[in-house]
>>> print(open('final21.pdb').read())   # PDB, C-alpha atoms
MODEL        1
ATOM      1  CA  MET A   1      -6.031  19.808  -0.437
ATOM      2  CA  ALA A   2      -4.266  16.938  -2.173
ATOM      3  CA  ALA A   3      -4.019  18.807  -5.477
ATOM      4  CA  ASP A   4      -0.647  19.275  -7.159
ATOM      5  CA  CYS A   5       1.119  16.696  -5.062
ATOM      6  CA  CYS A   6       3.561  14.005  -6.146
ATOM      7  CA  TYR A   7       3.586  10.543  -4.616
ATOM      8  CA  GLU A   8       6.876   8.626  -4.610
ATOM      9  CA  VAL A   9       6.834   4.966  -3.563
ATOM     10  CA  SER A  10      10.021   3.252  -2.379
ATOM     11  CA  GLN A  11      11.050  -0.149  -3.647
ATOM     12  CA  ILE A  12      10.629  -1.677  -0.171
ATOM     13  CA  ALA A  13       7.038  -0.470   0.205
ATOM     14  CA  TYR A  14       6.138  -1.452  -3.361
ATOM     15  CA  ILE A  15       7.542  -4.975  -3.134
ATOM     16  CA  LYS A  16       5.858  -5.622   0.216
ATOM     17  CA  LEU A  17       2.379  -4.671  -0.957
ATOM     18  CA  VAL A  18       2.671  -6.635  -4.204
ATOM     19  CA  LEU A  19       3.963  -9.758  -2.429
ATOM     20  CA  HIS A  20       1.098  -9.445   0.055
ATOM     21  CA  ALA A  21      -1.417  -9.502  -2.796
ATOM     22  CA  LEU A  22       0.329 -12.454  -4.457
ATOM     23  CA  LYS A  23       0.278 -14.496  -1.249
ATOM     24  CA  HIS A  24      -3.528 -14.246  -1.039
ATOM     25  CA  PRO A  25      -4.707 -14.254  -4.679
ATOM     26  CA  SER A  26      -8.285 -15.230  -3.835
ATOM     27  CA  SER A  27      -8.767 -12.768  -0.972
ATOM     28  CA  ALA A  28      -8.970  -9.030  -0.582
ATOM     29  CA  VAL A  29      -5.813  -7.731   1.114
ATOM     30  CA  ASN A  30      -4.889  -4.379   2.574
ATOM     31  CA  GLY A  31      -2.184  -2.516   4.448
ATOM     32  CA  LEU A  32      -0.874   0.846   5.574
ATOM     33  CA  LEU A  33       1.640   3.111   3.858
ATOM     34  CA  LEU A  34       4.306   4.805   5.992
ATOM     35  CA  GLY A  35       6.189   7.883   4.940
ATOM     36  CA  ARG A  36       6.632  11.617   5.227
ATOM     37  CA  LEU A  37       5.643  14.825   3.473
ATOM     38  CA  ARG A  38       8.429  16.774   1.754
ATOM     39  CA  GLN A  39       7.725  20.397   0.855
ATOM     40  CA  ASP A  40       9.968  22.068  -1.738
ATOM     41  CA  GLY A  41       8.632  25.542  -2.378
ATOM     42  CA  SER A  42       5.181  25.153  -3.907
ATOM     43  CA  THR A  43       5.735  21.458  -4.668
ATOM     44  CA  ALA A  44       4.667  18.828  -2.157
ATOM     45  CA  THR A  45       5.839  15.231  -2.337
ATOM     46  CA  VAL A  46       4.519  12.376  -0.252
ATOM     47  CA  GLU A  47       7.370   9.915   0.162
ATOM     48  CA  VAL A  48       6.078   6.394   0.846
ATOM     49  CA  ALA A  49       9.033   4.712   2.571
ATOM     50  CA  ASP A  50       7.489   1.499   3.866
ATOM     51  CA  ALA A  51       4.318  -0.577   3.941
ATOM     52  CA  VAL A  52       2.766  -2.696   6.679
ATOM     53  CA  PRO A  53       0.499  -5.550   5.503
ATOM     54  CA  LEU A  54      -2.662  -5.623   7.633
ATOM     55  CA  SER A  55      -5.118  -8.310   6.650
ATOM     56  CA  HIS A  56      -6.309 -10.786   4.060
ATOM     57  CA  GLY A  57      -9.946 -11.293   4.898
ATOM     58  CA  GLN A  58     -12.014  -9.139   7.233
ATOM     59  CA  ILE A  59     -11.438  -5.703   5.732
ATOM     60  CA  GLY A  60     -13.160  -2.545   6.844
ATOM     61  CA  LEU A  61     -13.301  -3.146  10.595
ATOM     62  CA  LEU A  62     -12.390   0.290  11.959
ATOM     63  CA  PRO A  63     -11.805  -0.759  15.601
ATOM     64  CA  ALA A  64      -9.180  -3.265  14.460
ATOM     65  CA  LEU A  65      -7.714  -0.651  12.140
ATOM     66  CA  GLU A  66      -7.522   1.868  14.977
ATOM     67  CA  LEU A  67      -5.546  -0.571  17.129
ATOM     68  CA  ALA A  68      -3.166  -1.312  14.250
ATOM     69  CA  LEU A  69      -2.739   2.407  13.549
ATOM     70  CA  ILE A  70      -1.716   3.105  17.138
ATOM     71  CA  GLN A  71       0.800   0.277  17.280
ATOM     72  CA  ILE A  72       2.271   1.045  13.864
ATOM     73  CA  GLU A  73       2.497   4.799  14.492
ATOM     74  CA  GLU A  74       4.264   4.203  17.801
ATOM     75  CA  HIS A  75       6.845   1.961  16.167
ATOM     76  CA  PHE A  76       7.636   4.148  13.161
ATOM     77  CA  GLU A  77       7.544   7.503  14.962
ATOM     78  CA  ALA A  78      11.186   7.080  16.003
ATOM     79  CA  GLU A  79      12.108   6.804  12.317
ATOM     80  CA  GLY A  80      10.293  10.018  11.491
ATOM     81  CA  LEU A  81       7.571   8.163   9.607
ATOM     82  CA  SER A  82       3.801   8.301   9.975
ATOM     83  CA  VAL A  83       0.812   6.749   8.206
ATOM     84  CA  VAL A  84       0.376   8.530   4.871
ATOM     85  CA  GLY A  85      -1.980   6.176   3.100
ATOM     86  CA  TYR A  86      -3.474   2.785   2.499
ATOM     87  CA  TYR A  87      -3.236   0.035  -0.105
ATOM     88  CA  HIS A  88      -5.900  -2.417  -1.201
ATOM     89  CA  ALA A  89      -6.258  -5.370  -3.551
ATOM     90  CA  ASN A  90      -9.727  -6.549  -4.518
ATOM     91  CA  GLU A  91     -10.781 -10.166  -4.148
ATOM     92  CA  ARG A  92     -11.894 -10.571  -7.757
ATOM     93  CA  HIS A  93      -9.269 -10.208 -10.485
ATOM     94  CA  ASN A  94     -11.639  -8.346 -12.803
ATOM     95  CA  ASP A  95     -12.632  -5.831 -10.115
ATOM     96  CA  LEU A  96     -10.723  -2.614 -10.780
ATOM     97  CA  GLU A  97     -12.952  -0.338  -8.713
ATOM     98  CA  LEU A  98     -12.129   1.240  -5.362
ATOM     99  CA  GLY A  99     -14.810  -0.194  -3.075
ATOM    100  CA  ASN A 100     -16.645   1.344  -0.138
ATOM    101  CA  ALA A 101     -14.544  -0.420   2.502
ATOM    102  CA  ALA A 102     -11.319   0.944   0.987
ATOM    103  CA  LYS A 103     -12.831   4.437   0.735
ATOM    104  CA  LYS A 104     -13.955   4.283   4.360
ATOM    105  CA  ILE A 105     -10.459   3.381   5.550
ATOM    106  CA  GLY A 106      -9.001   6.062   3.291
ATOM    107  CA  ASP A 107     -11.364   8.609   4.860
ATOM    108  CA  HIS A 108     -10.208   7.510   8.310
ATOM    109  CA  ILE A 109      -6.536   8.064   7.428
ATOM    110  CA  PHE A 110      -7.385  11.344   5.679
ATOM    111  CA  ARG A 111      -8.507  12.748   9.046
ATOM    112  CA  TYR A 112      -4.920  12.414  10.263
ATOM    113  CA  PHE A 113      -3.079  13.112   6.994
ATOM    114  CA  PRO A 114      -4.941  15.329   4.474
ATOM    115  CA  ARG A 115      -2.712  14.293   1.556
ATOM    116  CA  ALA A 116      -3.429  10.622   2.120
ATOM    117  CA  ALA A 117      -2.957   8.241  -0.798
ATOM    118  CA  VAL A 118      -4.907   5.097  -1.539
ATOM    119  CA  LEU A 119      -3.145   2.617  -3.805
ATOM    120  CA  LEU A 120      -5.343   0.060  -5.550
ATOM    121  CA  LEU A 121      -3.548  -2.911  -7.073
ATOM    122  CA  ASP A 122      -4.323  -3.512 -10.737
ATOM    123  CA  ASN A 123      -4.754  -7.266 -11.046
ATOM    124  CA  ASN A 124      -4.333  -7.195 -14.830
ATOM    125  CA  LYS A 125      -0.928  -5.524 -14.556
ATOM    126  CA  LEU A 126      -0.044  -7.871 -11.718
ATOM    127  CA  GLN A 127      -0.502 -10.863 -14.020
ATOM    128  CA  LYS A 128       1.807  -9.301 -16.636
ATOM    129  CA  LEU A 129       4.378  -8.673 -13.941
ATOM    130  CA  LYS A 130       4.398 -12.370 -13.052
ATOM    131  CA  THR A 131       5.525 -13.140 -16.619
ATOM    132  CA  GLY A 132       8.347 -10.617 -16.422
ATOM    133  CA  LYS A 133       6.733  -8.353 -19.029
ATOM    134  CA  GLY A 134       5.414  -5.601 -16.749
ATOM    135  CA  ARG A 135       7.394  -2.406 -16.320
ATOM    136  CA  ASP A 136       4.730   0.031 -15.132
ATOM    137  CA  PRO A 137       3.635   0.300 -11.490
ATOM    138  CA  VAL A 138       0.904  -2.250 -10.771
ATOM    139  CA  VAL A 139      -0.972   0.181  -8.541
ATOM    140  CA  GLN A 140      -3.425   2.968  -9.271
ATOM    141  CA  LEU A 141      -3.270   6.141  -7.190
ATOM    142  CA  TYR A 142      -6.430   7.589  -5.648
ATOM    143  CA  THR A 143      -6.622  10.876  -3.723
ATOM    144  CA  ARG A 144      -9.514  12.834  -2.279
ATOM    145  CA  ASP A 145     -10.699  15.818  -4.290
ATOM    146  CA  SER A 146     -12.428  18.984  -3.119
ATOM    147  CA  SER A 147     -15.802  17.205  -3.100
ATOM    148  CA  ARG A 148     -14.393  14.632  -0.653
ATOM    149  CA  SER A 149     -14.597  11.875  -3.240
ATOM    150  CA  TRP A 150     -11.770   9.442  -3.975
ATOM    151  CA  ARG A 151     -10.693   9.730  -7.591
ATOM    152  CA  GLN A 152      -8.048   7.985  -9.651
ATOM    153  CA  THR A 153      -5.338  10.484 -10.498
ATOM    154  CA  GLY A 154      -2.789  11.051 -13.204
ATOM    155  CA  SER A 155      -4.999  11.476 -16.246
ATOM    156  CA  ASP A 156      -5.254  15.230 -15.728
ATOM    157  CA  GLY A 157      -1.544  15.694 -15.056
ATOM    158  CA  SER A 158      -1.876  16.192 -11.305
ATOM    159  CA  ASN A 159      -1.052  13.950  -8.354
ATOM    160  CA  GLN A 160       1.472  11.804 -10.170
ATOM    161  CA  LEU A 161       2.668   8.453  -8.855
ATOM    162  CA  THR A 162       6.258   7.343  -9.400
ATOM    163  CA  LEU A 163       8.434   4.519  -8.155
ATOM    164  CA  LYS A 164      11.525   5.872  -6.412
ATOM    165  CA  GLU A 165      13.678   3.130  -7.967
ATOM    166  CA  PRO A 166      12.886   2.633 -11.686
ATOM    167  CA  THR A 167      14.163  -0.954 -11.486
ATOM    168  CA  ALA A 168      11.626  -1.927  -8.797
ATOM    169  CA  ASN A 169       9.639  -4.229 -11.104
ATOM    170  CA  ILE A 170      12.817  -6.036 -12.204
ATOM    171  CA  VAL A 171      13.792  -6.665  -8.591
ATOM    172  CA  LEU A 172      10.229  -7.675  -7.823
ATOM    173  CA  PHE A 173      10.250 -10.229 -10.637
ATOM    174  CA  ASP A 174      13.252 -11.920  -8.992
ATOM    175  CA  TYR A 175      11.272 -12.133  -5.739
ATOM    176  CA  ILE A 176       8.274 -13.542  -7.599
ATOM    177  CA  SER A 177      10.433 -16.140  -9.366
ATOM    178  CA  SER A 178      11.727 -17.369  -6.003
ATOM    179  CA  GLU A 179       8.184 -17.342  -4.522
ATOM    180  CA  LYS A 180       9.237 -14.847  -1.890
ATOM    181  CA  TRP A 181       5.592 -13.946  -1.304
ATOM    182  CA  GLN A 182       5.288 -17.037   0.891
ATOM    183  CA  GLN A 183       7.369 -15.232   3.545
ATOM    184  CA  ILE A 184       5.270 -12.059   3.823
ATOM    185  CA  VAL A 185       3.510 -11.656   7.178
ATOM    186  CA  ASP A 186       0.517  -9.412   7.857
ATOM    187  CA  PHE A 187      -1.186  -8.334  11.078
ATOM    188  CA  ASP A 188      -3.714 -11.156  10.734
ATOM    189  CA  ASP A 189      -0.865 -13.682  10.710
ATOM    190  CA  HIS A 190       0.758 -12.011  13.723
ATOM    191  CA  LEU A 191      -2.464 -12.106  15.745
ATOM    192  CA  ASP A 192      -2.804 -15.824  14.987
ATOM    193  CA  ASP A 193       0.834 -16.464  15.932
ATOM    194  CA  ILE A 194       2.651 -13.656  17.755
ATOM    195  CA  SER A 195       6.025 -15.153  16.830
ATOM    196  CA  LYS A 196       5.420 -14.025  13.248
ATOM    197  CA  ASP A 197       7.018 -10.647  12.517
ATOM    198  CA  TRP A 198       4.524  -8.102  11.087
ATOM    199  CA  LEU A 199       7.465  -5.796  10.329
ATOM    200  CA  ASN A 200       8.870  -8.396   7.894
ATOM    201  CA  LEU A 201      12.403  -7.467   8.872
ATOM    202  CA  GLY A 202      13.926 -10.601   7.331
ATOM    203  CA  LEU A 203      12.070 -10.342   4.036
ATOM    204  CA  PHE A 204      14.900  -8.684   2.120
ATOM    205  CA  ASP A 205      17.777 -10.725   3.554
TER
ENDMDL
END
>>> encode(input="final21.pdb", output="structure tokens")
Amino acid sequence: MAADCCYEVSQIAYIKLVLHALKHPSSAVNGLLLGRLRQDGSTATVEVADAVPLSHGQIGLLPALELALIQIEEHFEAEGLSVVGYYHANERHNDLELGNAAKKIGDHIFRYFPRAAVLLLDNNKLQKLKTGKGRDPVVQLYTRDSSRSWRQTGSDGSNQLTLKEPTANIVLFDYISSEKWQQIVDFDDHLDDISKDWLNLGLFD
């Protein structure tokens, strides 16, 4: 069902998920993607407008995910946004595979949104980005095929991933240079200290 679909990631969502991964370089991190589906004739585009960092440790706990989903959906519903996918960064820098925990969470979101995207951070590209040399998105797009398997897309010309703002990596490099990742807050942080804002409203001030 996800065939022939474009995925467009906003600068805000992209910067949040990358900063989240940079803040916890020795841990697996994950989060939810918020957006909407735009249908233009036969072309469908999933617009990823925002990202909510979830955790940086215990990943794959569905009860905790369910609670986060409810709270996040309730907040973003007024903005016309819903959960359209999931992002994940592996603990080990040389691990470029989408693991079972990420697939399980992707399957869970797929039940609610059949064009769900899973974005896996590419740690090799992330390192290039930190030197200011990276220009390509540092995430790999996975979607579910007809056999219900998660597959990396793009090589066959379908399910393309684009950044809405082509200058996103340049802006991101400025944030990296100023160590902005130290300010990112995820749901884990919020549960430890409820004064911490999981919406990260002040991140781009």
>>> resolve_selection(input="final21.pdb", expression="the PyMOL selection byres ((chain A and resi 165) around 10)", output="ChimeraX atom specification")
/A:8-12,14,162-164,166-169,171
>>> residues_around(input="final21.pdb", residues="range 27-42 of chain A", least_positions_apart="6", cutoff="8 Å", atoms="all atoms listed in the file", output="list in words")
Ala13, Leu17, His20, Ala21, Val48, Ala49, Asp50, Ala51, Val52, Pro53, Leu54, Ser55, His56, Gly57, Ile59, Phe76, Gly80, Leu81, Ser82, Val83, Val84, Gly85, Tyr86, Tyr87, His88, Ala89, Asn90, Glu91 and Arg92 of chain A
>>> residues_around(input="final21.pdb", residues="Gly202 in chain A", least_positions_apart="5", cutoff="10 Å", atoms="only C-alpha atoms", output="PyMOL selection string")
chain A and resi 183-184+197
>>> atom_distance(input="final21.pdb", atom1="CA of Lys16 in chain A", atom2="CA of Phe204 in chain A")
9.7 Å
>>> atom_distance(input="final21.pdb", atom1="CA of Arg148 in chain A", atom2="CA of Pro114 in chain A")
10.8 Å
>>> closest_residue(input="final21.pdb", among="A:Lys125, A:Ala78, A:Gln140, A:Asp145", to="Phe110 in chain A", atoms="only C-alpha atoms")
A:Asp145
>>> closest_residue(input="final21.pdb", among="A:Ile194, A:Leu172, A:Val46, A:Cys5", to="Lys133 in chain A", atoms="only C-alpha atoms")
A:Leu172
>>> resolve_selection(input="final21.pdb", expression="the PyMOL selection byres ((chain A and resi 129) around 12)", output="number ranges by chain")
A: 15, 18-19, 22, 121-128, 130-139, 168-177
>>> write_last_selection(input="final21.pdb", atoms="C-alpha atoms", output="compact mmCIF listing (two decimals), in the coordinates of the input")
# COMPACT_ATOMS: atom_id res chain seq x y z
CA ILE A 15 7.54 -4.97 -3.13
CA VAL A 18 2.67 -6.64 -4.20
CA LEU A 19 3.96 -9.76 -2.43
CA LEU A 22 0.33 -12.45 -4.46
CA LEU A 121 -3.55 -2.91 -7.07
CA ASP A 122 -4.32 -3.51 -10.74
CA ASN A 123 -4.75 -7.27 -11.05
CA ASN A 124 -4.33 -7.20 -14.83
CA LYS A 125 -0.93 -5.52 -14.56
CA LEU A 126 -0.04 -7.87 -11.72
CA GLN A 127 -0.50 -10.86 -14.02
CA LYS A 128 1.81 -9.30 -16.64
CA LYS A 130 4.40 -12.37 -13.05
CA THR A 131 5.52 -13.14 -16.62
CA GLY A 132 8.35 -10.62 -16.42
CA LYS A 133 6.73 -8.35 -19.03
CA GLY A 134 5.41 -5.60 -16.75
CA ARG A 135 7.39 -2.41 -16.32
CA ASP A 136 4.73 0.03 -15.13
CA PRO A 137 3.64 0.30 -11.49
CA VAL A 138 0.90 -2.25 -10.77
CA VAL A 139 -0.97 0.18 -8.54
CA ALA A 168 11.63 -1.93 -8.80
CA ASN A 169 9.64 -4.23 -11.10
CA ILE A 170 12.82 -6.04 -12.20
CA VAL A 171 13.79 -6.66 -8.59
CA LEU A 172 10.23 -7.68 -7.82
CA PHE A 173 10.25 -10.23 -10.64
CA ASP A 174 13.25 -11.92 -8.99
CA TYR A 175 11.27 -12.13 -5.74
CA ILE A 176 8.27 -13.54 -7.60
CA SER A 177 10.43 -16.14 -9.37
>>> atom_distance(input="final21.pdb", atom1="CA of Gly106 in chain A", atom2="CA of Val118 in chain A")
6.4 Å
>>> closest_residue(input="final21.pdb", among="A:Ser26, A:Ser147, A:Gln160, A:Ser195", to="Thr45 in chain A", atoms="all atoms listed in the file")
A:Gln160
>>> closest_residue(input="final21.pdb", among="A:Leu191, A:Leu141, A:Ala102, A:Ala117", to="Ala64 in chain A", atoms="all atoms listed in the file")
A:Leu191
>>> closest_residue(input="final21.pdb", among="A:Glu74, A:Leu119, A:Asp205, A:Trp181", to="Leu96 in chain A", atoms="only C-alpha atoms")
A:Leu119
>>> closest_residue(input="final21.pdb", among="A:Arg144, A:Asp95, A:Lys23, A:Lys196", to="Lys180 in chain A", atoms="only C-alpha atoms")
A:Lys23
